[in-house]
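Novice: Handing you a structure now.
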Amino acid sequence: MFGYVRADTPYLYIKDDTLYRAMYCGVCKGIAEVCGHSARMGLSYDITFLSVLLHNIAGQDVVIEKQHCLTHCIRSRQMAEVDELTRKLGALNTILVYYKYTDDIADGDKGRGKRLWFQKGFARARRKYPEIERIVRNNMSAQEQAEKAKTDSIDRAADATANMMAEFSDYALGEKATAYTKNLLYAIGKWIYLIDALDDYDKDKKKGAYNPFVLAYGAECRESLVHGEKGKEIEYIFNSLFFDIRENLSKISFRFNRDLSDNILLRGLPMMTKRIMSGQGCNGKCKPKPKQPSNGGSAG
């Protein structure tokens, strides 16, 4: 469920691209500080976006300075300094990756070796931020129950992931949290789950793995689903989510520049949806790529 939240780069201002890269480095450094260097291999663009969004909503200014790291030891890069919100996001990133591989192992996929990279980091994150681990664990358990029950309801299938994002936003924002921020993160979490399920449609159908779209529609392949008689219904599901995102986003006061958040939410998510519905899929470009641990962040 990682890596789908991306900017629509042709429409991204240079200043926002610089901020995005700096925040990516900041989360990377936050992961290293809380969970250790090996855990940085799971760095996700989804968590980078959360850092951009939640810092802005919370009114928390970000200090960005040119720094070096082992990955960028020759030329310095703009990197966001680590603050407490970034540390929480770093812990969330590692906990999510650890439970993802745990879920893969339970499904019979290879994941034991990969999970070992995050075992110590997960233990450190759980020890420092037990509430984050509880939020993820409880909702992952609810997700597992929905899958074991083989629910064919698209809404019920996506509820656990959506609720996890909403709960984390309340925890991270504290007194700055509102009904609108919770609803916004719920809709984003629901989109992440559903776009991942749609992207994995053919693979899950072939393996006989759980997928709500397969159970609800039973099409032979993703192409026949999105281009067949149920195609408009699939479009409606995602367009409804985009409407919820726009409506709640419009009710939230941003303390700083909101151009980057708007680009990702209002352009990037529909762009990724269109790509996957057109059959291009993620093509491996959305998944986090392993990298060597270093002392600073990576601008990607």
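Ordering of the structure tokens sets the chain letters (A, B, ...); residue numbers start at 1 within each chain; ligands are numbered from 1 in the order shown.
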Taking 4 positions as the minimum chain separation for residues in the same chain, which residues sit within 10 Å of Ile132 (chain A) when counting only C-alpha atoms? Answer as a short mmCIF file (atom, residue, chain, number, x, y, z; two decimals) with N, CA and C atoms, in the first residue's frame.

Specialist:
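Saved result, part_30.cif, follows:
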data_model
loop_
_atom_site.label_atom_id
_atom_site.label_comp_id
_atom_site.auth_asym_id
_atom_site.auth_seq_id
_atom_site.Cartn_x
_atom_site.Cartn_y
_atom_site.Cartn_z
N LYS A 88 7.58 11.18 14.66
CA LYS A 88 6.37 10.35 14.70
C LYS A 88 6.10 9.74 13.32
N LEU A 89 6.32 10.53 12.28
CA LEU A 89 6.12 10.02 10.92
C LEU A 89 7.15 8.95 10.57
N ALA A 91 8.50 6.92 12.73
CA ALA A 91 8.05 5.72 13.45
C ALA A 91 6.90 5.06 12.70
N LEU A 92 5.95 5.86 12.23
CA LEU A 92 4.82 5.33 11.48
C LEU A 92 5.30 4.59 10.24
N ILE A 95 6.82 1.18 11.26
CA ILE A 95 5.80 0.26 11.77
C ILE A 95 4.95 -0.28 10.62
N LEU A 96 4.59 0.60 9.69
CA LEU A 96 3.79 0.16 8.54
C LEU A 96 4.55 -0.84 7.68
N ALA A 125 10.63 1.89 17.50
CA ALA A 125 9.46 2.75 17.26
C ALA A 125 8.33 2.41 18.22
N ARG A 126 8.09 1.13 18.44
CA ARG A 126 7.02 0.70 19.34
C ARG A 126 7.31 1.14 20.78
N LYS A 128 9.15 3.78 21.72
CA LYS A 128 9.09 5.24 21.87
C LYS A 128 7.69 5.79 21.62
N VAL A 136 -1.78 1.31 14.38
CA VAL A 136 -1.51 0.48 13.21
C VAL A 136 -1.93 -0.97 13.47
N ARG A 137 -1.55 -1.51 14.62
CA ARG A 137 -1.84 -2.92 14.93
C ARG A 137 -3.34 -3.18 14.96
N MET A 164 -7.21 4.03 10.00
CA MET A 164 -5.85 4.13 10.52
C MET A 164 -5.25 5.51 10.22
N GLU A 167 -7.10 8.13 12.39
CA GLU A 167 -6.68 8.06 13.79
C GLU A 167 -5.29 8.65 13.98
N PHE A 168 -4.38 8.32 13.05
CA PHE A 168 -3.02 8.86 13.17
C PHE A 168 -3.03 10.38 13.04
N TYR A 171 -4.00 11.89 16.28
CA TYR A 171 -2.91 11.75 17.25
C TYR A 171 -1.79 12.75 16.95
N ALA A 172 -1.40 12.85 15.68
CA ALA A 172 -0.27 13.70 15.31
C ALA A 172 -0.59 15.19 15.42
#

Novice: Which residues are close to Asn138 (chain A), i.e. within 9 Å by only C-alpha atoms, leaving aside same-chain residues fewer than 4 positions away? Reply as a count of residues only.

Specialist: 6

Novice: To one decimal place, how far is CA of Leu241 (chain A) from CA of Ala162 (chain A) in Å?

Specialist: 11.4 Å

Novice: Which is closest to Gln60 (chain A) among A:Asp152, A:Asp200, A:Glu84, A:Glu229, if we use only C-alpha atoms?

Specialist: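 Closest to Gln60 (chain A) of all the choices is A:Glu84.
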
Novice: Please identify the strand (DSSP E or B) residues within region 33-213 of chain A (assignment by DSSP from backbone atoms) and present them as number ranges by chain.

Specialist: A: 64-67, 77-80

Novice: Using only C-alpha atoms, which residues sit within 10 Å of Gln145 (chain A) once same-chain residues fewer than 6 positions away are excluded, as a list of chain:residue names?

Specialist: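 Using only C-alpha atoms, the neighbours found are A:Asn139, A:Thr151, A:Ala157, A:Ala160.
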
Novice: Save the residues we just selected, N, CA and C atoms, as a PDB file, in the first residue's frame?

Specialist:
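File written: selection03.pdb
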ATOM      1  N   ASN A 139      -5.810  -1.530  13.553  1.00  0.00           N
ATOM      2  CA  ASN A 139      -6.456  -1.404  12.250  1.00  0.00           C
ATOM      3  C   ASN A 139      -5.987  -2.469  11.275  1.00  0.00           C
ATOM      4  N   THR A 151     -15.155 -10.096   2.636  1.00  0.00           N
ATOM      5  CA  THR A 151     -16.185  -9.100   2.366  1.00  0.00           C
ATOM      6  C   THR A 151     -16.068  -8.595   0.932  1.00  0.00           C
ATOM      7  N   ALA A 157     -14.152  -2.997   3.005  1.00  0.00           N
ATOM      8  CA  ALA A 157     -12.787  -3.479   2.793  1.00  0.00           C
ATOM      9  C   ALA A 157     -11.758  -2.378   3.028  1.00  0.00           C
ATOM     10  N   ALA A 160     -10.601  -0.065   7.294  1.00  0.00           N
ATOM     11  CA  ALA A 160      -9.530  -0.170   8.293  1.00  0.00           C
ATOM     12  C   ALA A 160      -8.345   0.726   7.938  1.00  0.00           C
TER      13      ALA A 160
END

Novice: Please list as a list of chain:residue names every residue within 8 Å of Ala22 (chain A), counting only C-alpha atoms and excluding residues in the same chain fewer than 4 positions away.

Specialist: A:Thr18, A:Gly26, A:Ile64, A:Arg77, A:Gln78, A:Met79, A:Ala80, A:Ala299

Novice: How would the residues just chosen look if you wrote them out with N, CA and C atoms as a tab-separated table (two decimals), in the first residue's frame?

Specialist:
chain	number	residue	atom	x	y	z
A	18	THR	N	11.37	21.64	-4.68
A	18	THR	CA	12.48	21.75	-3.72
A	18	THR	C	12.01	21.39	-2.32
A	26	GLY	N	13.97	14.94	5.14
A	26	GLY	CA	13.65	15.10	6.56
A	26	GLY	C	13.05	13.85	7.15
A	64	ILE	N	14.83	24.37	6.77
A	64	ILE	CA	15.49	23.65	5.66
A	64	ILE	C	16.87	24.24	5.47
A	77	ARG	N	22.63	18.88	-0.16
A	77	ARG	CA	21.24	18.94	-0.57
A	77	ARG	C	20.43	19.73	0.45
A	78	GLN	N	19.32	20.31	-0.01
A	78	GLN	CA	18.38	20.94	0.90
A	78	GLN	C	17.66	19.86	1.69
A	79	MET	N	17.75	19.91	3.02
A	79	MET	CA	17.13	18.89	3.86
A	79	MET	C	16.37	19.55	5.00
A	80	ALA	N	15.18	19.03	5.27
A	80	ALA	CA	14.37	19.54	6.38
A	80	ALA	C	14.91	19.00	7.69
A	299	ALA	N	17.29	12.90	-1.19
A	299	ALA	CA	16.29	13.69	-1.89
A	299	ALA	C	15.61	12.92	-2.98

Novice: Would you kindly return, as a PyMOL selection string, each protein, DNA or RNA residue with an atom no farther than 12 Å from any atom of region 147-150 of chain A, considering only C-alpha atoms and excluding same-chain residues fewer than 5 positions away?

Specialist: chain A and resi 103+106-107+140-142+156-160+208-216

Novice: Give me, as a ChimeraX atom specification, the residues of region 32-221 of chain A that a backbone DSSP run labels helix (DSSP H, G or I).

Specialist: /A:32-35,37-42,45-58,84-106,112-128,130-148,154-176,179-199,201-207,212-217

Novice: Please write the residues from the selection above to a file, keeping C-alpha atoms, as a tab-separated table (two decimals), in the first residue's frame.

Specialist:
chain	number	residue	atom	x	y	z
A	32	ALA	CA	17.16	7.08	11.18
A	33	GLU	CA	16.87	9.03	14.43
A	34	VAL	CA	13.98	7.01	15.83
A	35	CYS	CA	14.42	3.58	14.21
A	37	HIS	CA	19.64	3.50	9.62
A	38	SER	CA	18.51	0.14	8.24
A	39	ALA	CA	14.85	1.17	8.62
A	40	ARG	CA	15.40	3.97	6.10
A	41	MET	CA	15.20	1.42	3.29
A	42	GLY	CA	11.40	1.54	3.64
A	45	TYR	CA	6.51	8.99	-0.68
A	46	ASP	CA	3.18	8.53	1.10
A	47	ILE	CA	4.78	9.41	4.44
A	48	THR	CA	6.67	12.30	2.84
A	49	PHE	CA	3.35	13.71	1.70
A	50	LEU	CA	1.92	13.26	5.20
A	51	SER	CA	4.83	15.27	6.52
A	52	VAL	CA	4.09	18.11	4.10
A	53	LEU	CA	0.37	18.07	4.85
A	54	LEU	CA	0.46	17.68	8.63
A	55	HIS	CA	3.23	20.23	9.17
A	56	ASN	CA	1.17	22.75	7.22
A	57	ILE	CA	-2.10	22.03	9.01
A	58	ALA	CA	-0.38	22.12	12.40
A	84	GLU	CA	8.85	15.78	16.82
A	85	LEU	CA	6.21	15.45	14.11
A	86	THR	CA	8.85	14.11	11.72
A	87	ARG	CA	9.95	11.58	14.34
A	88	LYS	CA	6.37	10.35	14.70
A	89	LEU	CA	6.12	10.02	10.92
A	90	GLY	CA	9.41	8.13	10.84
A	91	ALA	CA	8.05	5.72	13.45
A	92	LEU	CA	4.82	5.33	11.48
A	93	ASN	CA	6.75	4.55	8.30
A	94	THR	CA	8.77	1.79	9.95
A	95	ILE	CA	5.80	0.26	11.77
A	96	LEU	CA	3.79	0.16	8.54
A	97	VAL	CA	6.63	-1.48	6.61
A	98	TYR	CA	7.15	-4.07	9.35
A	99	TYR	CA	3.46	-5.01	9.42
A	100	LYS	CA	3.34	-5.06	5.61
A	101	TYR	CA	6.02	-7.74	5.49
A	102	THR	CA	4.31	-9.55	8.37
A	103	ASP	CA	1.15	-9.61	6.28
A	104	ASP	CA	3.09	-10.82	3.23
A	105	ILE	CA	4.52	-13.70	5.27
A	106	ALA	CA	1.04	-14.64	6.48
A	112	ARG	CA	11.00	-12.90	6.23
A	113	GLY	CA	14.39	-11.71	5.04
A	114	LYS	CA	13.07	-8.25	4.21
A	115	ARG	CA	11.30	-7.96	7.56
A	116	LEU	CA	14.58	-8.57	9.38
A	117	TRP	CA	15.82	-5.20	8.08
A	118	PHE	CA	13.05	-3.50	10.07
A	119	GLN	CA	12.82	-5.68	13.17
A	120	LYS	CA	15.05	-3.56	15.41
A	121	GLY	CA	13.61	-0.34	14.04
A	122	PHE	CA	10.10	-1.58	14.69
A	123	ALA	CA	11.00	-2.45	18.29
A	124	ARG	CA	12.47	1.03	18.81
A	125	ALA	CA	9.46	2.75	17.26
A	126	ARG	CA	7.02	0.70	19.34
A	127	ARG	CA	8.95	1.48	22.52
A	128	LYS	CA	9.09	5.24	21.87
A	130	PRO	CA	3.36	2.87	21.62
A	131	GLU	CA	0.22	4.77	20.59
A	132	ILE	CA	1.27	4.78	16.93
A	133	GLU	CA	1.97	1.05	17.07
A	134	ARG	CA	-1.43	0.47	18.69
A	135	ILE	CA	-3.21	2.45	15.97
A	136	VAL	CA	-1.51	0.48	13.21
A	137	ARG	CA	-1.84	-2.92	14.93
A	138	ASN	CA	-5.54	-2.53	15.74
A	139	ASN	CA	-6.46	-1.40	12.25
A	140	MET	CA	-4.29	-4.03	10.59
A	141	SER	CA	-6.13	-6.59	12.73
A	142	ALA	CA	-9.47	-5.16	11.57
A	143	GLN	CA	-8.19	-5.34	7.98
A	144	GLU	CA	-7.23	-8.98	8.45
A	145	GLN	CA	-10.68	-9.81	9.81
A	146	ALA	CA	-12.37	-8.14	6.83
A	147	GLU	CA	-10.19	-10.12	4.45
A	148	LYS	CA	-10.78	-13.43	6.26
A	154	ILE	CA	-15.62	-1.94	-1.32
A	155	ASP	CA	-16.36	0.46	1.55
A	156	ARG	CA	-15.96	-2.10	4.33
A	157	ALA	CA	-12.79	-3.48	2.79
A	158	ALA	CA	-11.13	-0.03	2.75
A	159	ASP	CA	-12.42	1.11	6.15
A	160	ALA	CA	-9.53	-0.17	8.29
A	161	THR	CA	-6.80	1.55	6.26
A	162	ALA	CA	-8.87	4.73	6.04
A	163	ASN	CA	-9.54	4.68	9.78
A	164	MET	CA	-5.85	4.13	10.52
A	165	MET	CA	-4.94	7.29	8.61
A	166	ALA	CA	-7.70	9.26	10.32
A	167	GLU	CA	-6.68	8.06	13.79
A	168	PHE	CA	-3.02	8.86	13.17
A	169	SER	CA	-3.89	12.36	11.98
A	170	ASP	CA	-5.85	13.02	15.19
A	171	TYR	CA	-2.91	11.75	17.25
A	172	ALA	CA	-0.27	13.70	15.31
A	173	LEU	CA	-2.20	16.98	15.08
A	174	GLY	CA	-3.44	17.00	18.68
A	175	GLU	CA	-5.44	20.15	19.37
A	176	LYS	CA	-5.13	21.20	15.72
A	179	ALA	CA	-13.55	16.85	11.83
A	180	TYR	CA	-12.35	18.12	8.43
A	181	THR	CA	-8.75	16.94	8.92
A	182	LYS	CA	-10.01	13.54	10.10
A	183	ASN	CA	-12.37	13.20	7.14
A	184	LEU	CA	-9.64	14.29	4.72
A	185	LEU	CA	-7.16	11.69	5.98
A	186	TYR	CA	-9.91	9.05	6.02
A	187	ALA	CA	-10.60	9.70	2.33
A	188	ILE	CA	-6.87	9.63	1.50
A	189	GLY	CA	-6.45	6.33	3.34
A	190	LYS	CA	-9.43	4.86	1.53
A	191	TRP	CA	-7.99	5.92	-1.82
A	192	ILE	CA	-4.61	4.36	-0.99
A	193	TYR	CA	-6.22	1.02	-0.17
A	194	LEU	CA	-8.50	0.97	-3.21
A	195	ILE	CA	-5.92	2.09	-5.75
A	196	ASP	CA	-3.56	-0.59	-4.46
A	197	ALA	CA	-6.32	-3.21	-4.75
A	198	LEU	CA	-7.15	-2.09	-8.30
A	199	ASP	CA	-3.47	-2.12	-9.27
A	201	TYR	CA	-6.31	-6.96	-9.46
A	202	ASP	CA	-4.73	-9.36	-11.98
A	203	LYS	CA	-2.07	-10.61	-9.57
A	204	ASP	CA	-4.59	-11.25	-6.76
A	205	LYS	CA	-7.05	-12.98	-9.08
A	206	LYS	CA	-4.35	-15.28	-10.40
A	207	LYS	CA	-3.14	-16.18	-6.90
A	212	PRO	CA	-12.50	-6.56	-2.91
A	213	PHE	CA	-12.78	-5.65	-6.60
A	214	VAL	CA	-12.39	-9.30	-7.62
A	215	LEU	CA	-15.08	-10.40	-5.17
A	216	ALA	CA	-17.44	-7.52	-5.98
A	217	TYR	CA	-17.20	-7.67	-9.77

Novice: Find the residues near Arg258 (chain A): any atom within 12 Å, counting only C-alpha atoms, skip ones fewer than 4 places away on the same chain, and give them as a VMD selection string.

Specialist: chain A and resid 12 to 13 15 to 16 19 52 to 57 59 249 to 250 252 to 254 262 to 266

Novice: One decimal, in Å: what's the spacing between CA of Asn239 (chain A) and CA of Pro270 (chain A)?

Specialist: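 Atom-to-atom, CA of Asn239 (chain A) and CA of Pro270 (chain A) are spaced 8.5 Å apart.
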